[in-house]
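What follows is a single structure, written as structure tokens, with notes after it.
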Amino acid sequence: MNRTIRVVGLGAAGALIGGTLVATAPTASADDVNTAPVRKITGATTSPFGLAKVGGRTYVANFGQNNVVVYAAGANGAAMPIRTMNSGLNSPRGVDVDTNGFTYVANNNGLVSVFAPDADTGDAPVKTFGTGAGAALGLDIGPTGSIFVRKATTINVYSPAAAGNPASTTRQITGLPAGNGVHVAASGTTWADAGAALRAYASNANGGATPLRTISGAKTELAAPIVGIGTDSKGRVYASNFNAVSTVVAFSASAENNVAPLKVLGGPATQLSSPGHLSVAGDGGLTVANFGGPSVLEFRTLFPKPAPVVKVPGKPRALKVAGKQRAKTRKVSWRAPANNGGARITGYRLVVKKGNRVLLRKNFGASKRSYKIKRSKLRNGKNVVLIKAKNTKGFGKNARKSFRVRK
């Protein structure tokens with residue numbers, strides 16, 4: 001299951017999370033990424049706040065429409081959802097899906113609604129449970145199936161069997177500054193926003209636990225309110241800056257204190273406008289609930305793998321010259337190099353020499369592995385055949401084989 005961001009606390013478009021928000025855009029970074037999304041879903045995405053991406057499908061919590069819509073894998077443009085959950089929802093702020101396919105929705109009234117895997121329009125939740133006074137500002141399902149719900153200044157942790165109003169917690173992380181998000185990494189580390197900062201807590205954190213580390217300060221380019229939080233398979237940490245800043249920042253796995261992000265996704269080409277929740281794929285690919293769009297934007301990874309370094313190929317293997325010394329033809333055969341240099345073999349060059357004199361030169365395609373040479377092309381005595389492979393970088397070293405000819 002794709003463990004990513006699932007939370008946010010929102011009010012209205014211009015007055016989110018405790019009043020009108022004014023954020024000063026951070027200074028430009030050498031690692032700014034202003035690139036267009038590869039997909040943009042509009043469809044039934046009218047006020048996207050919460051977002052989860054599971055099994056290729058995209059789940060979007062529409063805050064103003066009181067529903068959660070589900071898009072098929074690869075959805076783009078004005079795609080219609082394959083399912084809509086709308087029964088009993090109250091300004092939903094966060095959404096996630098467990099390993100059994102049940103959808104969990106965090107509501108503004110403090111309830112968590114749980115829907116069956118095939119729930120559609122009008123289907124009632126299979127259960128609801130309460131999280132106490134105040135809105136359930138966000139929700140994430142941890143790697144062990146526990147349900148993490150963000151309240152204003154706490155993170156409540158529930159078992160999958162949670163029931164009642166309020167339901168009993170298994171533990172609470174308390175003493176947080178007012179914030180909106182919660183994300184549980186595959187390692188169990190729990191991330192939360194705290195104003196213009198990110199905090200990481202141990203997997204068993206309880207009560208007023210001390211954070212493992214905090215990312216905060218002017219260099220971080222974090223700006224309150226932070227809405228989405230997530231991690232990729234390398235442990236890199238991502239956060240979305242809502243409202244005027246409208247960026248997604250990514251930090252190294254060991255980032256701490258006042259440190260600059262590795263990458264900042266933002267700018268006109270991105271179309272980011274008040275980005276909310278986001279989902280981070282293992283390779284760092286991003287899917288963002290773009291509240292100000294309104295749309296869901298999907299981006300390629302901010303950390304593409306570097307192009308492989310191509311070298312010339314190794315020597316061809318098993319070079320042989322068959323046939324007796326007086327034979328009318330001699331068959332030269334070889335096998336492809338053990339090392340292609342990082343690129344496919346595109347051809348071979350065969351040269352036959354007598355001393356320093358070149359008797360024959362032939363170029364072949366990549367599929368050629370043998371060639372017959374007429375005795376008339378050879379010279380009496382010791383002859384030498386050389387064969388080398390070629391890729392996009394050029395020719396490698398020759399394999400060499402001497403043979404004798406009698407005329």
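Residue numbering restarts at 1 for every chain of the structure tokens, chains are lettered A, B, ... in their displayed order, and ligands are numbered from 1 as they appear.
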
Find the residues around A:Arg349 up to 12 Å (only C-alpha atoms counted), leave out those fewer than 5 positions away in its own chain, and share them as a ChimeraX atom specification. /A:315-316,334,360-366,368-371,385-391,394-399

If we count only C-alpha atoms and set the cut-off at 9 Å, which residues sit around A:Pro160, ignoring sequence neighbours fewer than 5 positions away in its own chain? Please answer as an MDAnalysis selection string. chainID A and resid 145:147

Output the selection as an mmCIF file, in the first residue's frame - all heavy atoms for each residue.
data_model
loop_
_atom_site.group_PDB
_atom_site.id
_atom_site.type_symbol
_atom_site.label_atom_id
_atom_site.label_comp_id
_atom_site.auth_asym_id
_atom_site.auth_seq_id
_atom_site.Cartn_x
_atom_site.Cartn_y
_atom_site.Cartn_z
ATOM 1 N N GLY A 145 -1.846 -0.870 10.435
ATOM 2 C CA GLY A 145 -3.299 -0.799 10.389
ATOM 3 C C GLY A 145 -3.916 0.150 11.393
ATOM 4 O O GLY A 145 -5.132 0.370 11.368
ATOM 5 N N SER A 146 -3.126 0.734 12.283
ATOM 6 C CA SER A 146 -3.668 1.709 13.227
ATOM 7 C C SER A 146 -4.105 2.964 12.482
ATOM 8 O O SER A 146 -3.532 3.333 11.450
ATOM 9 C CB SER A 146 -2.627 2.075 14.285
ATOM 10 O OG SER A 146 -2.340 0.966 15.102
ATOM 11 N N ILE A 147 -5.109 3.642 13.040
ATOM 12 C CA ILE A 147 -5.672 4.827 12.409
ATOM 13 C C ILE A 147 -5.192 6.050 13.180
ATOM 14 O O ILE A 147 -5.435 6.171 14.385
ATOM 15 C CB ILE A 147 -7.209 4.761 12.400
ATOM 16 C CG1 ILE A 147 -7.668 3.486 11.671
ATOM 17 C CG2 ILE A 147 -7.813 5.979 11.739
ATOM 18 C CD1 ILE A 147 -8.678 2.687 12.408
#

7 Å contact set for stretch 277-291 of chain A, only C-alpha atoms, chain neighbours under 2 positions out, as a PyMOL selection string: chain A and resi 2+4-8+47-53+227-228+230-233+272-275+293-303

Please return as a ChimeraX atom specification: the residues of stretch 19-188 of chain A that backbone DSSP assigns to strand (DSSP E or B). /A:32-33,39-41,48-54,57-62,67-71,77,83-85,94-97,103-106,111-115,127-130,138-141,147-150,155-158,164,167,171-173,182-184

Give me the residues within 8 Å of stretch 106-122 of chain A as a VMD selection string, counting only C-alpha atoms and dropping any in the same chain fewer than 5 places off. chain A and resid 83 to 95 100 to 101 127 to 139 149

How about saving the chosen residues, N, CA and C atoms kept, as a short mmCIF file (atom, residue, chain, number, x, y, z; two decimals), in the first residue's frame?
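See result-v3.cif below for the written result:
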data_model
loop_
_atom_site.label_atom_id
_atom_site.label_comp_id
_atom_site.auth_asym_id
_atom_site.auth_seq_id
_atom_site.Cartn_x
_atom_site.Cartn_y
_atom_site.Cartn_z
N ARG A 83 -16.59 5.65 -8.51
CA ARG A 83 -17.46 5.55 -7.33
C ARG A 83 -17.50 6.89 -6.62
N THR A 84 -18.60 7.12 -5.89
CA THR A 84 -18.75 8.32 -5.07
C THR A 84 -19.34 7.92 -3.73
N MET A 85 -18.68 8.30 -2.65
CA MET A 85 -19.21 8.07 -1.29
C MET A 85 -19.67 9.40 -0.73
N ASN A 86 -20.96 9.47 -0.35
CA ASN A 86 -21.50 10.76 0.09
C ASN A 86 -22.44 10.66 1.29
N SER A 87 -22.63 9.48 1.80
CA SER A 87 -23.61 9.31 2.88
C SER A 87 -23.00 9.69 4.23
N GLY A 88 -23.63 10.69 4.88
CA GLY A 88 -23.23 11.04 6.24
C GLY A 88 -21.94 11.83 6.35
N LEU A 89 -21.36 12.27 5.25
CA LEU A 89 -20.10 13.00 5.32
C LEU A 89 -20.35 14.47 5.66
N ASN A 90 -19.38 15.05 6.39
CA ASN A 90 -19.51 16.42 6.86
C ASN A 90 -18.20 17.15 6.59
N SER A 91 -18.17 17.90 5.48
CA SER A 91 -16.96 18.63 5.09
C SER A 91 -15.71 17.78 5.29
N PRO A 92 -15.58 16.69 4.53
CA PRO A 92 -14.46 15.75 4.74
C PRO A 92 -13.12 16.42 4.47
N ARG A 93 -12.16 16.15 5.37
CA ARG A 93 -10.85 16.79 5.30
C ARG A 93 -9.73 15.82 4.98
N GLY A 94 -9.89 14.54 5.23
CA GLY A 94 -8.83 13.57 4.98
C GLY A 94 -9.43 12.23 4.59
N VAL A 95 -8.66 11.43 3.86
CA VAL A 95 -9.13 10.13 3.40
C VAL A 95 -7.95 9.18 3.29
N ASN A 100 -7.55 -3.84 3.43
CA ASN A 100 -8.73 -4.62 3.05
C ASN A 100 -9.66 -3.84 2.13
N GLY A 101 -9.29 -2.62 1.77
CA GLY A 101 -10.08 -1.84 0.83
C GLY A 101 -11.12 -0.94 1.46
N LYS A 127 -19.49 1.81 9.57
CA LYS A 127 -19.45 2.29 10.94
C LYS A 127 -18.91 3.70 10.97
N THR A 128 -19.16 4.39 12.07
CA THR A 128 -18.54 5.67 12.35
C THR A 128 -18.02 5.64 13.78
N PHE A 129 -16.99 6.41 14.06
CA PHE A 129 -16.57 6.57 15.45
C PHE A 129 -16.12 8.01 15.67
N GLY A 130 -16.23 8.44 16.92
CA GLY A 130 -15.93 9.82 17.25
C GLY A 130 -14.51 10.00 17.72
N THR A 131 -13.98 11.20 17.53
CA THR A 131 -12.61 11.51 17.93
C THR A 131 -12.55 12.60 19.00
N GLY A 132 -13.71 12.94 19.57
CA GLY A 132 -13.74 13.97 20.59
C GLY A 132 -14.08 15.33 20.01
N ALA A 133 -14.09 16.33 20.87
CA ALA A 133 -14.49 17.68 20.48
C ALA A 133 -13.56 18.23 19.41
N GLY A 134 -14.14 18.98 18.48
CA GLY A 134 -13.35 19.59 17.42
C GLY A 134 -13.25 18.71 16.19
N ALA A 135 -12.86 19.34 15.09
CA ALA A 135 -12.79 18.65 13.81
C ALA A 135 -11.72 17.57 13.80
N ALA A 136 -11.97 16.53 13.02
CA ALA A 136 -10.92 15.57 12.67
C ALA A 136 -10.22 16.17 11.47
N LEU A 137 -9.06 16.75 11.72
CA LEU A 137 -8.40 17.58 10.71
C LEU A 137 -7.67 16.78 9.64
N GLY A 138 -7.41 15.53 9.88
CA GLY A 138 -6.74 14.69 8.91
C GLY A 138 -6.63 13.28 9.41
N LEU A 139 -6.24 12.37 8.52
CA LEU A 139 -6.24 10.94 8.85
C LEU A 139 -5.22 10.21 8.00
N VAL A 149 -5.42 10.03 13.64
CA VAL A 149 -6.31 11.16 13.37
C VAL A 149 -5.71 12.42 13.97
#

Contacts of A:Asn204 at 9 Å or less, counting only C-alpha atoms, minus same-chain residues fewer than 6 places along, as a ChimeraX atom specification? /A:171,188-189

Write the residues you've just listed into a file as a PDB file, in the first residue's frame, and include C-alpha atoms for each of them.
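As written to disk, selection.pdb reads:
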ATOM      1  CA  ARG A 171      -2.352   6.307  22.610  1.00  0.00           C
ATOM      2  CA  GLY A 188       6.469   3.917  11.669  1.00  0.00           C
ATOM      3  CA  THR A 189       7.850   7.421  12.198  1.00  0.00           C
TER       4      THR A 189
END

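Comparing A:Val259, A:Val97, A:Val264, A:Ala124 by their smallest distance to A:Thr220, the closest is A:Val259 (using only C-alpha atoms).
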
Pick out the residues sitting within 8 Å of A:Gly56, and hand them over as an MDAnalysis selection string; count only C-alpha atoms, and ignore anything fewer than 2 positions along from it in its own chain. chainID A and resid 53:54 58 72:74

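Of the listed residues A:Gly314, A:Pro268, A:Gly64, A:Gly142, the one whose atoms come nearest to A:Thr46 is A:Gly64, with distances taken using only C-alpha atoms.
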